[in-house]
>>> print(open('start25.txt').read())   # compact mmCIF, C-alpha atoms
# COMPACT_ATOMS: atom_id res chain seq x y z
CA ARG A 1 69.95 23.12 46.02
CA ASP A 2 67.76 24.08 48.97
CA LEU A 3 66.55 27.64 48.50
CA HIS A 4 67.22 28.41 52.13
CA SER A 5 70.71 27.00 52.60
CA PHE A 6 73.22 29.52 53.85
CA PRO A 7 76.78 30.15 52.62
CA THR A 8 79.60 28.83 54.74
CA ARG A 9 82.92 30.49 55.48
CA ARG A 10 86.32 28.87 55.58
CA SER A 11 88.01 28.75 58.94
CA SER A 12 90.83 30.81 57.43
CA ASP A 13 88.37 33.67 56.84
CA LEU A 14 87.49 33.95 60.52
CA GLU A 15 89.25 36.09 63.11
CA PRO A 16 91.06 33.85 65.66
CA ALA A 17 89.64 34.21 69.15
CA SER A 18 93.17 34.82 70.44
CA ASN A 19 93.23 38.13 68.53
CA LEU A 20 90.20 39.55 70.36
CA PRO A 21 91.09 42.11 73.04
CA ASP A 22 90.30 41.37 76.69
CA GLY A 23 86.69 42.10 77.53
CA ALA A 24 85.49 41.83 73.93
CA TYR A 25 82.49 39.68 73.15
CA PHE A 26 80.45 38.73 70.11
CA THR A 27 76.92 37.48 69.44
CA LEU A 28 75.93 34.66 67.10
CA ALA A 29 72.82 35.77 65.19
CA THR A 30 70.10 33.56 63.74
CA LYS A 31 69.09 33.94 60.10
CA ILE A 32 65.36 34.69 59.85
CA ALA A 33 63.97 32.85 56.82
CA GLY A 34 60.62 32.56 55.09
CA PRO A 35 59.54 30.50 52.09
CA ALA A 36 60.59 31.83 48.66
CA CYS A 37 62.85 34.30 50.54
CA VAL A 38 59.82 36.28 51.74
CA ASN A 39 61.34 36.91 55.14
CA THR A 40 59.86 40.13 56.52
CA GLY A 41 57.21 39.44 59.13
CA ILE A 42 57.73 35.66 59.25
CA VAL A 43 57.02 34.41 62.80
CA ALA A 44 56.74 30.67 62.21
CA TRP A 45 57.65 28.26 59.43
CA LEU A 46 57.09 24.64 60.29
CA ARG A 47 58.06 22.31 57.46
CA ALA A 48 57.86 18.56 57.98
CA ASP A 49 61.09 17.97 56.06
CA TYR A 50 63.02 19.87 58.74
CA GLY A 51 63.23 19.14 62.45
CA SER A 52 59.98 17.20 62.71
CA SER A 53 59.19 14.13 64.76
CA ALA A 54 56.21 12.60 66.55
CA SER A 55 57.03 14.59 69.68
CA GLY A 56 57.98 17.95 68.18
CA TRP A 57 58.36 20.25 65.21
CA THR A 58 61.24 22.73 65.02
CA ASP A 59 60.57 26.17 63.58
CA PHE A 60 62.65 26.70 60.43
CA SER A 61 62.15 30.49 60.43
CA GLY A 62 64.66 31.10 63.22
CA ASN A 63 62.06 32.54 65.59
CA GLN A 64 62.07 29.52 67.92
CA THR A 65 58.32 29.08 67.49
CA ASN A 66 58.58 25.35 68.07
CA ALA A 67 55.68 22.93 68.49
CA ALA A 68 55.72 19.89 70.76
CA GLN A 69 53.62 17.05 72.17
CA ALA A 70 54.92 15.22 75.25
CA THR A 71 51.99 12.81 75.61
CA VAL A 72 52.70 9.74 73.49
CA ALA A 73 49.00 8.99 72.95
CA ASN A 74 48.55 12.43 71.35
CA GLN A 75 51.58 12.36 69.06
CA PRO A 76 51.18 12.32 65.26
CA ALA A 77 53.21 9.92 63.13
CA LEU A 78 56.06 11.07 60.88
CA LEU A 79 55.59 9.87 57.30
CA ALA A 80 58.30 9.92 54.65
CA GLY A 81 56.59 10.72 51.34
CA GLY A 82 53.33 11.60 53.09
CA LEU A 83 52.50 14.53 50.77
CA ASN A 84 53.39 13.95 47.13
CA TYR A 85 56.78 12.45 48.07
CA ASN A 86 57.41 15.08 50.73
CA THR A 87 57.65 14.31 54.43
CA ALA A 88 54.47 14.96 56.42
CA LEU A 89 52.97 14.44 59.87
CA LEU A 90 49.93 12.14 60.06
CA PHE A 91 47.18 13.19 62.49
CA ASN A 92 44.63 10.50 63.43
CA GLY A 93 41.48 12.64 63.69
CA THR A 94 40.76 11.70 67.30
CA SER A 95 43.63 12.70 69.60
CA ASP A 96 46.79 13.80 67.77
CA TYR A 97 47.98 17.41 67.91
CA LEU A 98 51.04 19.58 68.52
CA GLN A 99 51.10 22.75 70.59
CA ILE A 100 53.16 25.93 70.43
CA PRO A 101 53.26 27.44 73.96
CA GLN A 102 51.68 30.80 74.68
CA ALA A 103 55.07 32.24 75.62
CA SER A 104 56.46 31.32 72.19
CA ILE A 105 53.78 33.18 70.23
CA THR A 106 53.31 36.22 72.49
CA GLY A 107 54.81 39.26 70.79
CA LYS A 108 55.09 37.38 67.50
CA PHE A 109 51.63 36.24 66.35
CA SER A 110 49.07 38.85 65.37
CA PHE A 111 46.28 39.54 67.84
CA GLY A 112 43.21 41.77 68.02
CA ASN A 113 42.54 43.14 64.55
CA THR A 114 46.16 43.34 63.41
CA ALA A 115 47.13 42.14 59.93
CA ARG A 116 48.30 38.58 59.27
CA THR A 117 48.87 35.83 56.73
CA LEU A 118 48.36 32.15 57.60
CA ILE A 119 49.24 29.31 55.23
CA GLY A 120 48.96 25.55 55.61
CA VAL A 121 49.59 22.57 53.35
CA GLY A 122 47.76 19.34 54.04
CA VAL A 123 45.48 16.57 52.91
CA SER A 124 42.38 15.40 54.75
CA THR A 125 40.93 11.92 54.38
CA ALA A 126 37.59 12.33 56.16
CA ALA A 127 34.45 14.47 55.87
CA THR A 128 34.54 15.79 59.43
CA ASP A 129 34.80 19.25 60.98
CA GLN A 130 38.53 19.64 61.60
CA ALA A 131 41.18 22.28 62.21
CA LEU A 132 44.55 22.29 60.50
CA PHE A 133 45.94 25.14 62.61
CA THR A 134 44.46 27.56 65.15
CA TYR A 135 45.36 29.94 67.94
CA GLY A 136 43.41 32.31 70.20
CA SER A 137 40.33 31.38 72.21
CA PHE A 138 37.26 29.28 71.43
CA VAL A 139 35.08 32.39 71.74
CA ALA A 140 33.25 34.14 68.91
CA ASN A 141 35.60 36.39 66.91
CA GLN A 142 38.60 35.56 69.13
CA SER A 143 40.37 32.73 67.29
CA SER A 144 42.41 32.65 64.11
CA GLY A 145 43.21 29.67 61.94
CA LEU A 146 42.60 27.37 58.99
CA ARG A 147 39.81 24.79 58.98
CA LYS A 148 37.51 22.61 56.87
CA ASN A 149 34.09 21.24 57.78
CA SER A 150 32.13 18.05 57.18
CA VAL A 151 30.81 19.22 53.81
CA LEU A 152 34.37 20.01 52.62
CA THR A 153 34.16 23.79 52.92
CA ALA A 154 37.35 25.69 53.77
CA PHE A 155 37.44 28.47 56.39
CA PHE A 156 39.71 31.32 57.37
CA GLU A 157 38.68 30.89 60.95
CA ALA A 158 37.67 33.45 63.56
CA ASN A 159 34.98 31.36 65.31
CA GLY A 160 31.37 32.01 64.40
CA ALA A 161 29.71 34.56 62.16
CA THR A 162 32.99 36.41 61.44
CA ASN A 163 34.64 33.42 59.74
CA ILE A 164 35.50 33.70 56.07
CA THR A 165 33.61 30.78 54.57
CA GLY A 166 34.75 29.23 51.31
CA THR A 167 32.67 27.86 48.48
CA ALA A 168 31.32 24.31 48.36
CA ASN A 169 34.04 21.65 48.06
CA SER A 170 36.79 24.24 48.50
CA PHE A 171 38.78 21.72 50.58
CA PRO A 172 38.04 18.29 49.04
CA ASN A 173 39.06 15.01 50.64
CA ASN A 174 42.22 13.20 49.51
CA LYS A 175 43.63 16.19 47.62
CA VAL A 176 46.77 18.05 48.69
CA THR A 177 45.61 21.58 49.37
CA ILE A 178 47.37 24.86 50.08
CA ILE A 179 44.93 26.78 52.28
CA SER A 180 45.75 30.43 53.03
CA GLY A 181 44.24 33.42 54.76
CA ARG A 182 45.23 37.07 54.43
CA TYR A 183 43.89 39.86 56.63
CA THR A 184 44.64 43.54 56.02
CA GLY A 185 43.84 44.41 59.65
CA GLY A 186 41.98 47.31 61.23
CA ALA A 187 38.34 47.92 62.11
CA THR A 188 37.33 47.68 58.44
CA GLY A 189 40.01 45.25 57.30
CA THR A 190 39.47 42.73 54.52
CA ALA A 191 40.00 39.04 55.26
CA SER A 192 40.43 36.69 52.29
CA LEU A 193 40.56 32.90 51.95
CA TYR A 194 42.49 30.98 49.27
CA THR A 195 42.70 27.30 48.36
CA ASN A 196 45.23 26.24 45.73
CA SER A 197 44.95 29.68 44.21
CA THR A 198 46.27 33.24 44.38
CA ALA A 199 42.75 34.51 43.61
CA SER A 200 40.52 34.63 46.68
CA ASN A 201 37.84 32.00 47.15
CA ALA A 202 35.93 34.24 49.55
CA SER A 203 36.50 37.53 51.36
CA GLY A 204 34.77 40.04 53.60
CA VAL A 205 35.23 43.07 55.86
CA ARG A 206 36.08 41.99 59.40
CA ASN A 207 37.05 43.55 62.72
CA TRP A 208 38.60 40.55 64.43
CA ALA A 209 39.51 40.44 68.13
CA THR A 210 41.95 37.52 68.23
CA THR A 211 43.43 36.70 71.62
CA ILE A 212 46.70 35.07 72.64
CA SER A 213 45.41 32.49 75.11
CA ALA A 214 47.03 30.07 77.54
CA GLU A 215 46.51 27.31 74.97
CA GLY A 216 48.98 28.94 72.60
CA ALA A 217 48.69 27.69 69.03
CA GLN A 218 47.64 24.17 68.06
CA ILE A 219 48.40 22.11 64.97
CA GLY A 220 45.86 19.44 64.12
CA LYS A 221 43.29 20.66 66.64
CA TYR A 222 41.01 23.62 67.36
CA VAL A 223 42.10 25.60 70.45
CA GLY A 224 39.67 24.96 73.30
CA GLU A 225 37.62 22.46 71.32
CA ASN A 226 37.89 18.94 69.91
CA ARG A 227 38.01 19.31 66.14
CA TRP A 228 40.89 17.04 65.19
CA TRP A 229 42.70 17.02 61.85
CA ASN A 230 42.29 13.71 60.04
CA GLY A 231 45.13 13.40 57.55
CA ASN A 232 48.60 14.72 56.78
CA ILE A 233 50.15 18.16 57.31
CA GLY A 234 53.35 19.19 55.57
CA GLU A 235 53.73 22.89 56.25
CA ILE A 236 52.50 25.74 58.49
CA VAL A 237 53.56 29.32 57.69
CA VAL A 238 52.63 32.37 59.79
CA TYR A 239 53.35 36.04 59.05
CA ASN A 240 52.40 38.91 61.36
CA ARG A 241 51.45 41.08 58.39
CA GLU A 242 49.50 40.77 55.17
CA LEU A 243 51.73 39.64 52.32
CA THR A 244 51.60 41.75 49.18
CA ASP A 245 50.13 40.16 46.04
CA ASP A 246 53.62 39.61 44.63
CA GLU A 247 54.90 38.05 47.86
CA PHE A 248 51.84 35.84 48.17
CA GLN A 249 52.31 34.63 44.61
CA ARG A 250 55.96 33.84 45.32
CA VAL A 251 55.16 31.84 48.44
CA SER A 252 52.23 30.08 46.75
CA SER A 253 54.46 29.20 43.77
CA TYR A 254 57.14 27.78 46.07
CA LEU A 255 54.65 25.57 47.91
CA ALA A 256 52.81 24.50 44.74
CA LEU A 257 56.04 23.41 43.05
CA LYS A 258 57.25 21.64 46.17
CA TYR A 259 54.04 19.68 46.78
CA GLY A 260 52.98 19.09 43.18
CA VAL A 261 49.89 21.31 43.43
CA THR A 262 48.41 22.98 40.34
CA LEU A 263 47.35 26.52 41.18
CA ASN A 264 43.87 27.43 39.97
CA GLN A 265 44.00 28.87 36.44
CA THR A 266 40.46 30.31 36.23
CA ILE A 267 42.42 33.54 36.24
CA ALA A 268 45.71 32.83 34.44
CA THR A 269 48.43 32.61 37.09
CA ASP A 270 52.18 32.42 36.56
CA TYR A 271 54.49 30.50 38.83
CA ILE A 272 57.03 33.06 39.95
CA ARG A 273 60.70 32.11 40.11
CA PHE A 274 62.42 32.94 43.35
>>> encode(input="start25.txt", output="structure tokens")
Amino acid sequence: RDLHSFPTRRSSDLEPASNLPDGAYFTLATKIAGPACVNTGIVAWLRADYGSSASGWTDFSGNQTNAAQATVANQPALLAGGLNYNTALLFNGTSDYLQIPQASITGKFSFGNTARTLIGVGVSTAATDQALFTYGSFVANQSSGLRKNSVLTAFFEANGATNITGTANSFPNNKVTIISGRYTGGATGTASLYTNSTASNASGVRNWATTISAEGAQIGKYVGENRWWNGNIGEIVVYNRELTDDEFQRVSSYLALKYGVTLNQTIATDYIRF
């Protein structure tokens, strides 16, 4: 059973419209949903097994933070079984990307030095500098995202010296990887990077100044710059707050079980049921 399916009601349980008084109205609400039922603060949840195609990716969270690509030459390919038997989008490393418009992320995505959690699931097949997901501006300290470079190092991206830089081989080629970043926010906030682990790979004190630019958010490309993802992407998750340790473990467990990823056990880690 899908963890995020919603109960249905029988038609006999519903009030007939004919019984509503004149002038009455009602609103149909959207259920806001995050992975492992960690819902508070979710602003985007793009999962390739839901509402994805070469030309667009529908936000599962209910926030309407949808990604699209109208230019056929820049569209990724949809692959059934592209990530350990899960559906994924294949990006060619030279021109493919999806974009979430600025209007769709304004008022939702974290900016300046406000707290956030970014999570992506993907596999890269080439040793090139490439971005899985970014937003902001291609200006020092003004972007935010998830990236790997040509020597297979993972980054919680801010552009330049304020990046959080992972250890050597923290994002290896041809290995499904859950890459995550958590930022506590504030002028002396701690930013932490994780790869297939709930223990941080690297962290540091940062005072980020992320913008919400006209380029919106981009999947498979660095905003304002040509660093193209070369490989498959299965999931993008964005929260406008820092997840607690328990919440982060729940979300990481959900994604690890779904994509067949073994979480790092250097420090013994349980998979939490949800």
>>> residues_around(input="start25.txt", residues="Ile179 of chain A", least_positions_apart="3", cutoff="10 Å", atoms="only C-alpha atoms", output="NGL selection string")
:A and (118-122 or 132 or 146-148 or 154-156 or 170-171 or 176 or 193-197 or 236 or 252)
>>> closest_residue(input="start25.txt", among="A:Gly220, A:Trp228, A:Gly204, A:Glu235", to="Ala256 of chain A", atoms="all atoms listed in the file")
A:Glu235
>>> residues_near_point(input="start25.txt", point="(58.5, 20.3, 42.3)", cutoff="12 Å", atoms="all atoms listed in the file", output="PyMOL selection string")
chain A and resi 83-86+253-262+271
>>> residues_around(input="start25.txt", residues="segment 61-76 of chain A", least_positions_apart="2", cutoff="8 Å", atoms="all atoms listed in the file", output="ChimeraX atom specification")
/A:30-34,42-46,54-59,78,89-92,95-101,104-105
>>> write_last_selection(input="start25.txt", atoms="C-alpha atoms", output="PDB file, keeping the file's coordinate frame")
ATOM      1  CA  THR A  30      70.100  33.560  63.740  1.00  0.00           C
ATOM      2  CA  LYS A  31      69.090  33.940  60.100  1.00  0.00           C
ATOM      3  CA  ILE A  32      65.360  34.690  59.850  1.00  0.00           C
ATOM      4  CA  ALA A  33      63.970  32.850  56.820  1.00  0.00           C
ATOM      5  CA  GLY A  34      60.620  32.560  55.090  1.00  0.00           C
ATOM      6  CA  ILE A  42      57.730  35.660  59.250  1.00  0.00           C
ATOM      7  CA  VAL A  43      57.020  34.410  62.800  1.00  0.00           C
ATOM      8  CA  ALA A  44      56.740  30.670  62.210  1.00  0.00           C
ATOM      9  CA  TRP A  45      57.650  28.260  59.430  1.00  0.00           C
ATOM     10  CA  LEU A  46      57.090  24.640  60.290  1.00  0.00           C
ATOM     11  CA  ALA A  54      56.210  12.600  66.550  1.00  0.00           C
ATOM     12  CA  SER A  55      57.030  14.590  69.680  1.00  0.00           C
ATOM     13  CA  GLY A  56      57.980  17.950  68.180  1.00  0.00           C
ATOM     14  CA  TRP A  57      58.360  20.250  65.210  1.00  0.00           C
ATOM     15  CA  THR A  58      61.240  22.730  65.020  1.00  0.00           C
ATOM     16  CA  ASP A  59      60.570  26.170  63.580  1.00  0.00           C
ATOM     17  CA  LEU A  78      56.060  11.070  60.880  1.00  0.00           C
ATOM     18  CA  LEU A  89      52.970  14.440  59.870  1.00  0.00           C
ATOM     19  CA  LEU A  90      49.930  12.140  60.060  1.00  0.00           C
ATOM     20  CA  PHE A  91      47.180  13.190  62.490  1.00  0.00           C
ATOM     21  CA  ASN A  92      44.630  10.500  63.430  1.00  0.00           C
ATOM     22  CA  SER A  95      43.630  12.700  69.600  1.00  0.00           C
ATOM     23  CA  ASP A  96      46.790  13.800  67.770  1.00  0.00           C
ATOM     24  CA  TYR A  97      47.980  17.410  67.910  1.00  0.00           C
ATOM     25  CA  LEU A  98      51.040  19.580  68.520  1.00  0.00           C
ATOM     26  CA  GLN A  99      51.100  22.750  70.590  1.00  0.00           C
ATOM     27  CA  ILE A 100      53.160  25.930  70.430  1.00  0.00           C
ATOM     28  CA  PRO A 101      53.260  27.440  73.960  1.00  0.00           C
ATOM     29  CA  SER A 104      56.460  31.320  72.190  1.00  0.00           C
ATOM     30  CA  ILE A 105      53.780  33.180  70.230  1.00  0.00           C
TER      31      ILE A 105
END
>>> closest_residue(input="start25.txt", among="A:Ile178, A:Ala80, A:Ala214, A:Ala103", to="Tyr50 of chain A", atoms="all atoms listed in the file")
A:Ala80
>>> residues_around(input="start25.txt", residues="Thr188 of chain A", least_positions_apart="2", cutoff="8 Å", atoms="only C-alpha atoms", output="mmCIF file with C-alpha atoms, in the coordinates of the input")
data_model
loop_
_atom_site.group_PDB
_atom_site.id
_atom_site.type_symbol
_atom_site.label_atom_id
_atom_site.label_comp_id
_atom_site.auth_asym_id
_atom_site.auth_seq_id
_atom_site.Cartn_x
_atom_site.Cartn_y
_atom_site.Cartn_z
ATOM 1 C CA GLY A 185 43.840 44.410 59.650
ATOM 2 C CA GLY A 186 41.980 47.310 61.230
ATOM 3 C CA THR A 190 39.470 42.730 54.520
ATOM 4 C CA VAL A 205 35.230 43.070 55.860
ATOM 5 C CA ARG A 206 36.080 41.990 59.400
ATOM 6 C CA ASN A 207 37.050 43.550 62.720
#
>>> closest_residue(input="start25.txt", among="A:Ala115, A:Val151, A:Ala187, A:Val223", to="Gly166 of chain A", atoms="all atoms listed in the file")
A:Val151
>>> residues_around(input="start25.txt", residues="segment 243-250 of chain A", least_positions_apart="2", cutoff="7 Å", atoms="only C-alpha atoms", output="ChimeraX atom specification")
/A:36,38,117,198,241,252-254,272,274
>>> closest_residue(input="start25.txt", among="A:Asn232, A:Asn201, A:Ala161, A:Asn149", to="Thr128 of chain A", atoms="only C-alpha atoms")
A:Asn149
>>> atom_distance(input="start25.txt", atom1="atom CA of Ser144 of chain A", atom2="atom CA of Gly181 of chain A")
9.6 Å
>>> closest_residue(input="start25.txt", among="A:Thr87, A:Thr162, A:Gln130, A:Gln218", to="Ala191 of chain A", atoms="all atoms listed in the file")
A:Thr162
>>> atom_distance(input="start25.txt", atom1="atom CA of Ser203 of chain A", atom2="atom CA of Phe138 of chain A")
21.7 Å
>>> decode(input="start25.txt", residues="segment 135-169 of chain A", atoms="N, CA and C atoms", output="tab-separated table (two decimals), in the first residue's frame")
chain	number	residue	atom	x	y	z
A	135	TYR	N	18.66	26.38	-6.94
A	135	TYR	CA	17.86	27.59	-7.14
A	135	TYR	C	18.67	28.77	-6.61
A	136	GLY	N	18.20	29.99	-6.88
A	136	GLY	CA	18.95	31.18	-6.47
A	136	GLY	C	19.63	31.83	-7.65
A	137	SER	N	20.82	32.39	-7.42
A	137	SER	CA	21.57	33.09	-8.45
A	137	SER	C	22.98	32.52	-8.52
A	138	PHE	N	23.58	32.57	-9.71
A	138	PHE	CA	24.96	32.13	-9.86
A	138	PHE	C	25.90	33.26	-9.44
A	139	VAL	N	25.81	33.59	-8.15
A	139	VAL	CA	26.63	34.61	-7.50
A	139	VAL	C	27.09	34.02	-6.18
A	140	ALA	N	28.31	34.34	-5.77
A	140	ALA	CA	28.84	33.76	-4.53
A	140	ALA	C	27.87	33.93	-3.37
A	141	ASN	N	27.59	32.83	-2.69
A	141	ASN	CA	26.76	32.77	-1.48
A	141	ASN	C	25.28	32.99	-1.75
A	142	GLN	N	24.85	33.00	-3.02
A	142	GLN	CA	23.45	33.33	-3.31
A	142	GLN	C	22.67	32.20	-3.97
A	143	SER	N	23.25	31.01	-4.07
A	143	SER	CA	22.50	29.87	-4.60
A	143	SER	C	22.31	28.84	-3.50
A	144	SER	N	21.48	27.85	-3.79
A	144	SER	CA	21.28	26.75	-2.86
A	144	SER	C	20.99	25.51	-3.68
A	145	GLY	N	21.62	24.39	-3.32
A	145	GLY	CA	21.36	23.19	-4.11
A	145	GLY	C	22.24	22.02	-3.74
A	146	LEU	N	22.20	21.01	-4.61
A	146	LEU	CA	22.90	19.75	-4.42
A	146	LEU	C	23.71	19.46	-5.68
A	147	ARG	N	25.01	19.15	-5.50
A	147	ARG	CA	25.91	19.07	-6.64
A	147	ARG	C	27.02	18.07	-6.37
A	148	LYS	N	27.64	17.56	-7.46
A	148	LYS	CA	28.88	16.79	-7.36
A	148	LYS	C	29.85	17.34	-8.38
A	149	ASN	N	31.17	17.14	-8.15
A	149	ASN	CA	32.13	17.67	-9.10
A	149	ASN	C	32.87	16.55	-9.83
A	150	SER	N	33.87	16.92	-10.61
A	150	SER	CA	34.55	15.97	-11.49
A	150	SER	C	35.40	14.96	-10.74
A	151	VAL	N	35.70	15.22	-9.48
A	151	VAL	CA	36.46	14.24	-8.69
A	151	VAL	C	35.55	13.54	-7.67
A	152	LEU	N	34.23	13.58	-7.97
A	152	LEU	CA	33.20	12.79	-7.27
A	152	LEU	C	32.98	13.24	-5.83
A	153	THR	N	33.16	14.53	-5.59
A	153	THR	CA	32.89	15.13	-4.29
A	153	THR	C	31.49	15.73	-4.28
A	154	ALA	N	30.73	15.47	-3.23
A	154	ALA	CA	29.38	16.02	-3.08
A	154	ALA	C	29.44	17.40	-2.44
A	155	PHE	N	28.44	18.24	-2.77
A	155	PHE	CA	28.36	19.59	-2.22
A	155	PHE	C	26.94	19.92	-1.81
A	156	PHE	N	26.81	20.58	-0.65
A	156	PHE	CA	25.60	21.33	-0.31
A	156	PHE	C	25.92	22.73	-0.77
A	157	GLU	N	25.33	23.11	-1.87
A	157	GLU	CA	25.82	24.23	-2.68
A	157	GLU	C	25.32	25.59	-2.21
A	158	ALA	N	26.24	26.57	-2.24
A	158	ALA	CA	25.88	27.96	-2.02
A	158	ALA	C	26.57	28.86	-3.04
A	159	ASN	N	27.51	28.29	-3.77
A	159	ASN	CA	28.33	28.93	-4.81
A	159	ASN	C	29.55	29.61	-4.19
A	160	GLY	N	30.69	28.91	-4.30
A	160	GLY	CA	31.95	29.49	-3.87
A	160	GLY	C	32.42	28.98	-2.52
A	161	ALA	N	33.09	29.88	-1.81
A	161	ALA	CA	33.76	29.50	-0.56
A	161	ALA	C	32.79	29.07	0.54
A	162	THR	N	31.50	29.42	0.42
A	162	THR	CA	30.55	29.07	1.48
A	162	THR	C	29.80	27.76	1.21
A	163	ASN	N	30.23	27.03	0.17
A	163	ASN	CA	29.70	25.67	-0.02
A	163	ASN	C	30.03	24.80	1.19
A	164	ILE	N	29.26	23.75	1.38
A	164	ILE	CA	29.68	22.67	2.26
A	164	ILE	C	30.22	21.56	1.37
A	165	THR	N	31.49	21.27	1.50
A	165	THR	CA	32.20	20.37	0.60
A	165	THR	C	32.41	19.02	1.26
A	166	GLY	N	31.93	17.97	0.59
A	166	GLY	CA	32.04	16.63	1.15
A	166	GLY	C	33.44	16.05	1.04
A	167	THR	N	33.58	14.86	1.56
A	167	THR	CA	34.86	14.16	1.51
A	167	THR	C	35.07	13.56	0.12
A	168	ALA	N	36.29	13.10	-0.14
A	168	ALA	CA	36.62	12.49	-1.42
A	168	ALA	C	35.70	11.30	-1.70
A	169	ASN	N	35.23	11.22	-2.94
A	169	ASN	CA	34.38	10.11	-3.39
A	169	ASN	C	33.05	10.02	-2.62
